[in-house]
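Colleague: Can you keep this structure in mind? I'll have questions shortly.
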Amino acid sequence: MIAIKRALTSRPEIRWLGALLIPAALLFAFIKLTSEVLEGETLAFDKAILLALRSSGDAADPVGPAWLEAVMRDLTALGSTVVLAIITLAVAGFLFVTNRKVLASLLVFSVVLGTGLSNTLKFVLARPRPDFVAHAVDVYTLSFPSGHAMLSAVTYLTIGALVARDQSRKRVKAYILGVAILLSLLVGISRVYLGVHYPTDVLAGWSVGGAWACLCWMITAKLSPTLQNNSEK
């Protein structure tokens, strides 16, 4: 273990190679999911999960008490375009006024380009929404990948990484990133519970969104010395 740590410290290219494996694995998962969805191989799985989340004999009634559905609606709003835009601009504004303009720009570009990628994928893949269960919230776009799942991953994971980079204690870093991951997971789960997405839509959204966020983290880390110098001026 000590030898591995020394190797990572003395050979930064090894560390970068290891970091690249994460977005590569996530992109592979997205491509694999896309292939199986287009071939119809996931439909039985998707239907089974969605129907399991509905009351027996009533596809319009989600399982659980009424308050759970209300909670899920609140959670799904955390991945809406408006909420994510407000959070992104608020954090970018904070970075800007604390003289970290490059980080602020990276955050905005990450979310804006991620939104464009999400819409493009939806248009190209053109998967309809689930039509055998009632939608508990209004939806207006196509289904695959889940934009809420993808963009919540892009936004919360990127913000989490930017905030965590200023922390020296590993426990604090882990907590911040853990909260970011939890928020992304809750948003995705809420989409399936509310019947507006197939489970594979959400899995695909998490995969490509996580990969996108990882690439943004790597760009930030690569620019870290420059950013540090700029913030000290």
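We label chains A, B, ... in the order they appear in the structure tokens, count residues from 1 in each chain, and number ligands from 1 in the order shown.
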I'd like a table as CSV: residues in region 88-177 of chain A with an atom no more than 9 Å from region 200-203 of chain A, each row giving the shortest atom pair and its distance in Å to one decimal, only C-alpha atoms counted, sorted by chain and rising residue number.
Modeller:
residue,atom,partner,partner_atom,distance
A:Ser143,CA,A:Asp201,CA,6.5
A:Phe144,CA,A:Asp201,CA,4.9
A:Pro145,CA,A:Asp201,CA,4.6
A:Ser146,CA,A:Asp201,CA,5.0
A:Gly147,CA,A:Val202,CA,8.3
A:His148,CA,A:Val202,CA,8.2
A:Ala149,CA,A:Val202,CA,5.7
A:Met150,CA,A:Val202,CA,7.6
Colleague: Which residues are close to region 51-66 of chain A, i.e. within 12 Å by only C-alpha atoms, leaving aside same-chain residues fewer than 6 positions away? Reply as an mmCIF file with N, CA and C atoms, in the first residue's frame.
Modeller:
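This went into result-v4.cif:
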data_model
loop_
_atom_site.group_PDB
_atom_site.id
_atom_site.type_symbol
_atom_site.label_atom_id
_atom_site.label_comp_id
_atom_site.auth_asym_id
_atom_site.auth_seq_id
_atom_site.Cartn_x
_atom_site.Cartn_y
_atom_site.Cartn_z
ATOM 1 N N LEU A 43 -36.946 -3.466 -21.748
ATOM 2 C CA LEU A 43 -38.336 -3.077 -21.523
ATOM 3 C C LEU A 43 -39.005 -3.895 -20.419
ATOM 4 N N ALA A 44 -38.737 -5.202 -20.390
ATOM 5 C CA ALA A 44 -39.342 -6.040 -19.345
ATOM 6 C C ALA A 44 -38.870 -5.609 -17.963
ATOM 7 N N PHE A 45 -37.587 -5.337 -17.837
ATOM 8 C CA PHE A 45 -37.026 -4.862 -16.563
ATOM 9 C C PHE A 45 -37.646 -3.529 -16.169
ATOM 10 N N MET A 72 -41.638 13.089 -3.000
ATOM 11 C CA MET A 72 -40.991 12.788 -4.274
ATOM 12 C C MET A 72 -41.122 13.950 -5.253
ATOM 13 N N ARG A 73 -42.259 14.631 -5.215
ATOM 14 C CA ARG A 73 -42.426 15.807 -6.077
ATOM 15 C C ARG A 73 -41.442 16.907 -5.673
ATOM 16 N N PRO A 130 -42.818 6.523 -20.498
ATOM 17 C CA PRO A 130 -43.666 5.371 -20.143
ATOM 18 C C PRO A 130 -45.139 5.739 -20.293
ATOM 19 N N ASP A 131 -45.917 4.863 -20.943
ATOM 20 C CA ASP A 131 -47.330 5.174 -21.174
ATOM 21 C C ASP A 131 -48.281 4.185 -20.505
ATOM 22 N N PHE A 132 -47.739 3.270 -19.695
ATOM 23 C CA PHE A 132 -48.604 2.277 -19.042
ATOM 24 C C PHE A 132 -48.789 2.574 -17.557
ATOM 25 N N VAL A 133 -48.197 3.677 -17.082
ATOM 26 C CA VAL A 133 -48.450 4.170 -15.724
ATOM 27 C C VAL A 133 -48.741 5.664 -15.825
ATOM 28 N N ALA A 134 -49.505 6.170 -14.874
ATOM 29 C CA ALA A 134 -49.835 7.594 -14.882
ATOM 30 C C ALA A 134 -48.624 8.423 -14.483
ATOM 31 N N HIS A 135 -48.480 9.595 -15.092
ATOM 32 C CA HIS A 135 -47.411 10.522 -14.732
ATOM 33 C C HIS A 135 -47.879 11.402 -13.579
ATOM 34 N N ALA A 136 -47.135 11.395 -12.486
ATOM 35 C CA ALA A 136 -47.538 12.168 -11.316
ATOM 36 C C ALA A 136 -47.122 13.632 -11.413
ATOM 37 N N VAL A 137 -46.295 13.969 -12.409
ATOM 38 C CA VAL A 137 -45.930 15.362 -12.696
ATOM 39 C C VAL A 137 -45.979 15.553 -14.206
ATOM 40 N N ILE A 189 -34.217 8.775 -8.456
ATOM 41 C CA ILE A 189 -35.202 7.841 -7.891
ATOM 42 C C ILE A 189 -36.603 8.439 -7.956
ATOM 43 N N SER A 190 -36.705 9.743 -7.692
ATOM 44 C CA SER A 190 -38.018 10.391 -7.717
ATOM 45 C C SER A 190 -38.641 10.335 -9.106
ATOM 46 N N ARG A 191 -37.815 10.382 -10.150
ATOM 47 C CA ARG A 191 -38.356 10.353 -11.516
ATOM 48 C C ARG A 191 -39.021 9.010 -11.830
ATOM 49 N N VAL A 192 -38.402 7.942 -11.329
ATOM 50 C CA VAL A 192 -38.982 6.612 -11.551
ATOM 51 C C VAL A 192 -40.241 6.448 -10.707
ATOM 52 N N TYR A 193 -40.185 6.867 -9.456
ATOM 53 C CA TYR A 193 -41.336 6.736 -8.567
ATOM 54 C C TYR A 193 -42.550 7.487 -9.121
ATOM 55 N N LEU A 194 -42.317 8.650 -9.697
ATOM 56 C CA LEU A 194 -43.410 9.469 -10.223
ATOM 57 C C LEU A 194 -43.894 8.993 -11.587
ATOM 58 N N GLY A 195 -43.251 7.977 -12.137
ATOM 59 C CA GLY A 195 -43.717 7.354 -13.362
ATOM 60 C C GLY A 195 -43.392 8.100 -14.640
ATOM 61 N N VAL A 196 -42.467 9.050 -14.590
ATOM 62 C CA VAL A 196 -42.168 9.846 -15.785
ATOM 63 C C VAL A 196 -40.916 9.351 -16.517
ATOM 64 N N TYR A 198 -38.408 5.616 -17.284
ATOM 65 C CA TYR A 198 -38.010 4.233 -17.069
ATOM 66 C C TYR A 198 -36.746 4.223 -16.194
ATOM 67 N N PRO A 199 -36.533 3.159 -15.414
ATOM 68 C CA PRO A 199 -35.297 3.071 -14.633
ATOM 69 C C PRO A 199 -34.036 3.204 -15.486
#
Colleague: Taking the DSSP secondary structure from the backbone, can you list the residues of region 57-170 of chain A that are helix (DSSP H, G or I), as JSON, numbers by chain?
Modeller: {"A": [66, 67, 68, 69, 70, 71, 72, 73, 74, 75, 76, 77, 81, 82, 83, 84, 85, 86, 87, 88, 89, 90, 91, 92, 93, 94, 95, 96, 97, 101, 102, 103, 104, 105, 106, 107, 108, 109, 110, 111, 112, 113, 114, 115, 116, 117, 118, 119, 120, 121, 122, 123, 124, 125, 147, 148, 149, 150, 151, 152, 153, 154, 155, 156, 157, 158, 159, 160, 161, 162, 163, 164, 170]}
Colleague: Return the single residue from A:Ala211, A:Val163, A:Ala126, A:Leu21 that is closest to Leu95 (chain A), with distances computed using only C-alpha atoms.
Modeller: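 Comparing A:Ala211, A:Val163, A:Ala126, A:Leu21 against Leu95 (chain A), the winner is A:Val163.
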Colleague: Excluding region 78-89 of chain A and any residue of its chain fewer than 2 positions from it, enumerate the residues within 12 Å of it, using only C-alpha atoms, and give them as a ChimeraX atom specification.
Modeller: /A:71-76,91-96,103-112,114-116,118-119,137-139,146-160,162,180,182-191,202,205
Colleague: Which residues are near Leu26 (chain A)? Cut-off 12 Å, only C-alpha atoms, ignore same chain within fewer than 2 positions. Put them as number ranges by chain.
Modeller: A: 19-24, 28-33, 203-215
Colleague: Deliver the residues from the most recent selection as a file, using N, CA and C atoms, as a PDB file, in the first residue's frame.
Modeller:
ATOM      1  N   ALA A  19      -7.717   8.208 -12.913  1.00  0.00           N
ATOM      2  CA  ALA A  19      -8.868   9.097 -12.916  1.00  0.00           C
ATOM      3  C   ALA A  19      -9.656   8.979 -14.211  1.00  0.00           C
ATOM      4  N   LEU A  20      -8.960   8.759 -15.314  1.00  0.00           N
ATOM      5  CA  LEU A  20      -9.637   8.635 -16.610  1.00  0.00           C
ATOM      6  C   LEU A  20     -10.502   7.380 -16.693  1.00  0.00           C
ATOM      7  N   LEU A  21     -10.164   6.374 -15.899  1.00  0.00           N
ATOM      8  CA  LEU A  21     -10.917   5.128 -15.941  1.00  0.00           C
ATOM      9  C   LEU A  21     -12.362   5.318 -15.468  1.00  0.00           C
ATOM     10  N   ILE A  22     -12.575   6.273 -14.573  1.00  0.00           N
ATOM     11  CA  ILE A  22     -13.928   6.486 -14.042  1.00  0.00           C
ATOM     12  C   ILE A  22     -14.878   7.009 -15.119  1.00  0.00           C
ATOM     13  N   PRO A  23     -14.565   8.142 -15.783  1.00  0.00           N
ATOM     14  CA  PRO A  23     -15.486   8.581 -16.845  1.00  0.00           C
ATOM     15  C   PRO A  23     -15.569   7.593 -18.001  1.00  0.00           C
ATOM     16  N   ALA A  24     -14.450   6.887 -18.275  1.00  0.00           N
ATOM     17  CA  ALA A  24     -14.471   5.891 -19.349  1.00  0.00           C
ATOM     18  C   ALA A  24     -15.456   4.770 -19.016  1.00  0.00           C
ATOM     19  N   PHE A  28     -18.907   3.915 -20.990  1.00  0.00           N
ATOM     20  CA  PHE A  28     -19.150   2.557 -21.493  1.00  0.00           C
ATOM     21  C   PHE A  28     -20.508   2.060 -21.020  1.00  0.00           C
ATOM     22  N   ALA A  29     -20.833   2.336 -19.740  1.00  0.00           N
ATOM     23  CA  ALA A  29     -22.129   1.925 -19.201  1.00  0.00           C
ATOM     24  C   ALA A  29     -23.265   2.611 -19.958  1.00  0.00           C
ATOM     25  N   PHE A  30     -23.084   3.886 -20.279  1.00  0.00           N
ATOM     26  CA  PHE A  30     -24.116   4.608 -21.024  1.00  0.00           C
ATOM     27  C   PHE A  30     -24.290   4.028 -22.425  1.00  0.00           C
ATOM     28  N   ILE A  31     -23.200   3.768 -23.103  1.00  0.00           N
ATOM     29  CA  ILE A  31     -23.272   3.211 -24.458  1.00  0.00           C
ATOM     30  C   ILE A  31     -23.933   1.835 -24.431  1.00  0.00           C
ATOM     31  N   LYS A  32     -23.571   1.019 -23.445  1.00  0.00           N
ATOM     32  CA  LYS A  32     -24.163  -0.320 -23.319  1.00  0.00           C
ATOM     33  C   LYS A  32     -25.663  -0.219 -23.053  1.00  0.00           C
ATOM     34  N   LEU A  33     -26.052   0.667 -22.146  1.00  0.00           N
ATOM     35  CA  LEU A  33     -27.472   0.859 -21.848  1.00  0.00           C
ATOM     36  C   LEU A  33     -28.231   1.343 -23.081  1.00  0.00           C
ATOM     37  N   LEU A 203     -30.657   5.521 -15.077  1.00  0.00           N
ATOM     38  CA  LEU A 203     -29.311   4.950 -15.038  1.00  0.00           C
ATOM     39  C   LEU A 203     -28.424   5.566 -16.116  1.00  0.00           C
ATOM     40  N   ALA A 204     -28.995   5.768 -17.296  1.00  0.00           N
ATOM     41  CA  ALA A 204     -28.239   6.390 -18.384  1.00  0.00           C
ATOM     42  C   ALA A 204     -27.908   7.841 -18.050  1.00  0.00           C
ATOM     43  N   GLY A 205     -28.869   8.545 -17.463  1.00  0.00           N
ATOM     44  CA  GLY A 205     -28.626   9.927 -17.070  1.00  0.00           C
ATOM     45  C   GLY A 205     -27.520  10.049 -16.045  1.00  0.00           C
ATOM     46  N   TRP A 206     -27.563   9.181 -15.042  1.00  0.00           N
ATOM     47  CA  TRP A 206     -26.490   9.185 -14.041  1.00  0.00           C
ATOM     48  C   TRP A 206     -25.135   8.885 -14.685  1.00  0.00           C
ATOM     49  N   SER A 207     -25.110   7.930 -15.608  1.00  0.00           N
ATOM     50  CA  SER A 207     -23.847   7.509 -16.222  1.00  0.00           C
ATOM     51  C   SER A 207     -23.203   8.641 -17.010  1.00  0.00           C
ATOM     52  N   VAL A 208     -23.963   9.218 -17.941  1.00  0.00           N
ATOM     53  CA  VAL A 208     -23.373  10.260 -18.779  1.00  0.00           C
ATOM     54  C   VAL A 208     -23.165  11.548 -17.981  1.00  0.00           C
ATOM     55  N   GLY A 209     -24.063  11.836 -17.028  1.00  0.00           N
ATOM     56  CA  GLY A 209     -23.876  13.011 -16.184  1.00  0.00           C
ATOM     57  C   GLY A 209     -22.666  12.887 -15.282  1.00  0.00           C
ATOM     58  N   GLY A 210     -22.472  11.689 -14.709  1.00  0.00           N
ATOM     59  CA  GLY A 210     -21.296  11.468 -13.873  1.00  0.00           C
ATOM     60  C   GLY A 210     -20.007  11.562 -14.671  1.00  0.00           C
ATOM     61  N   ALA A 211     -20.017  11.015 -15.884  1.00  0.00           N
ATOM     62  CA  ALA A 211     -18.836  11.090 -16.744  1.00  0.00           C
ATOM     63  C   ALA A 211     -18.515  12.540 -17.086  1.00  0.00           C
ATOM     64  N   TRP A 212     -19.545  13.313 -17.405  1.00  0.00           N
ATOM     65  CA  TRP A 212     -19.363  14.723 -17.729  1.00  0.00           C
ATOM     66  C   TRP A 212     -18.782  15.489 -16.539  1.00  0.00           C
ATOM     67  N   ALA A 213     -19.320  15.231 -15.356  1.00  0.00           N
ATOM     68  CA  ALA A 213     -18.826  15.899 -14.151  1.00  0.00           C
ATOM     69  C   ALA A 213     -17.368  15.522 -13.881  1.00  0.00           C
ATOM     70  N   CYS A 214     -17.029  14.243 -14.079  1.00  0.00           N
ATOM     71  CA  CYS A 214     -15.640  13.800 -13.865  1.00  0.00           C
ATOM     72  C   CYS A 214     -14.681  14.527 -14.789  1.00  0.00           C
ATOM     73  N   LEU A 215     -15.069  14.687 -16.038  1.00  0.00           N
ATOM     74  CA  LEU A 215     -14.213  15.392 -16.994  1.00  0.00           C
ATOM     75  C   LEU A 215     -14.028  16.852 -16.573  1.00  0.00           C
TER      76      LEU A 215
END
Colleague: Where does DSSP see strand (DSSP E or B) in region 10-121 of chain A, if you list the residues as a PyMOL selection string?
Modeller: chain A and resi 54-55+58-62
Colleague: Write out the residues from the selection above, keeping C-alpha atoms, as a PDB file, in the first residue's frame.
Modeller:
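Saved result, selection_17.pdb, follows:
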ATOM      1  CA  ARG A  54     -47.729   1.171  -8.301  1.00  0.00           C
ATOM      2  CA  SER A  55     -50.557  -0.074  -6.125  1.00  0.00           C
ATOM      3  CA  ASP A  58     -54.129   0.696 -10.101  1.00  0.00           C
ATOM      4  CA  ALA A  59     -51.301   1.938 -12.339  1.00  0.00           C
ATOM      5  CA  ALA A  60     -52.227   5.536 -11.488  1.00  0.00           C
ATOM      6  CA  ASP A  61     -51.556   5.183  -7.762  1.00  0.00           C
ATOM      7  CA  PRO A  62     -47.913   5.125  -6.540  1.00  0.00           C
TER       8      PRO A  62
END
Colleague: Mind giving me the straight-line distance from CA of Leu142 (chain A) to CA of Pro128 (chain A) in Å, one decimal?
Modeller: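 A separation of 5.5 Å between them.
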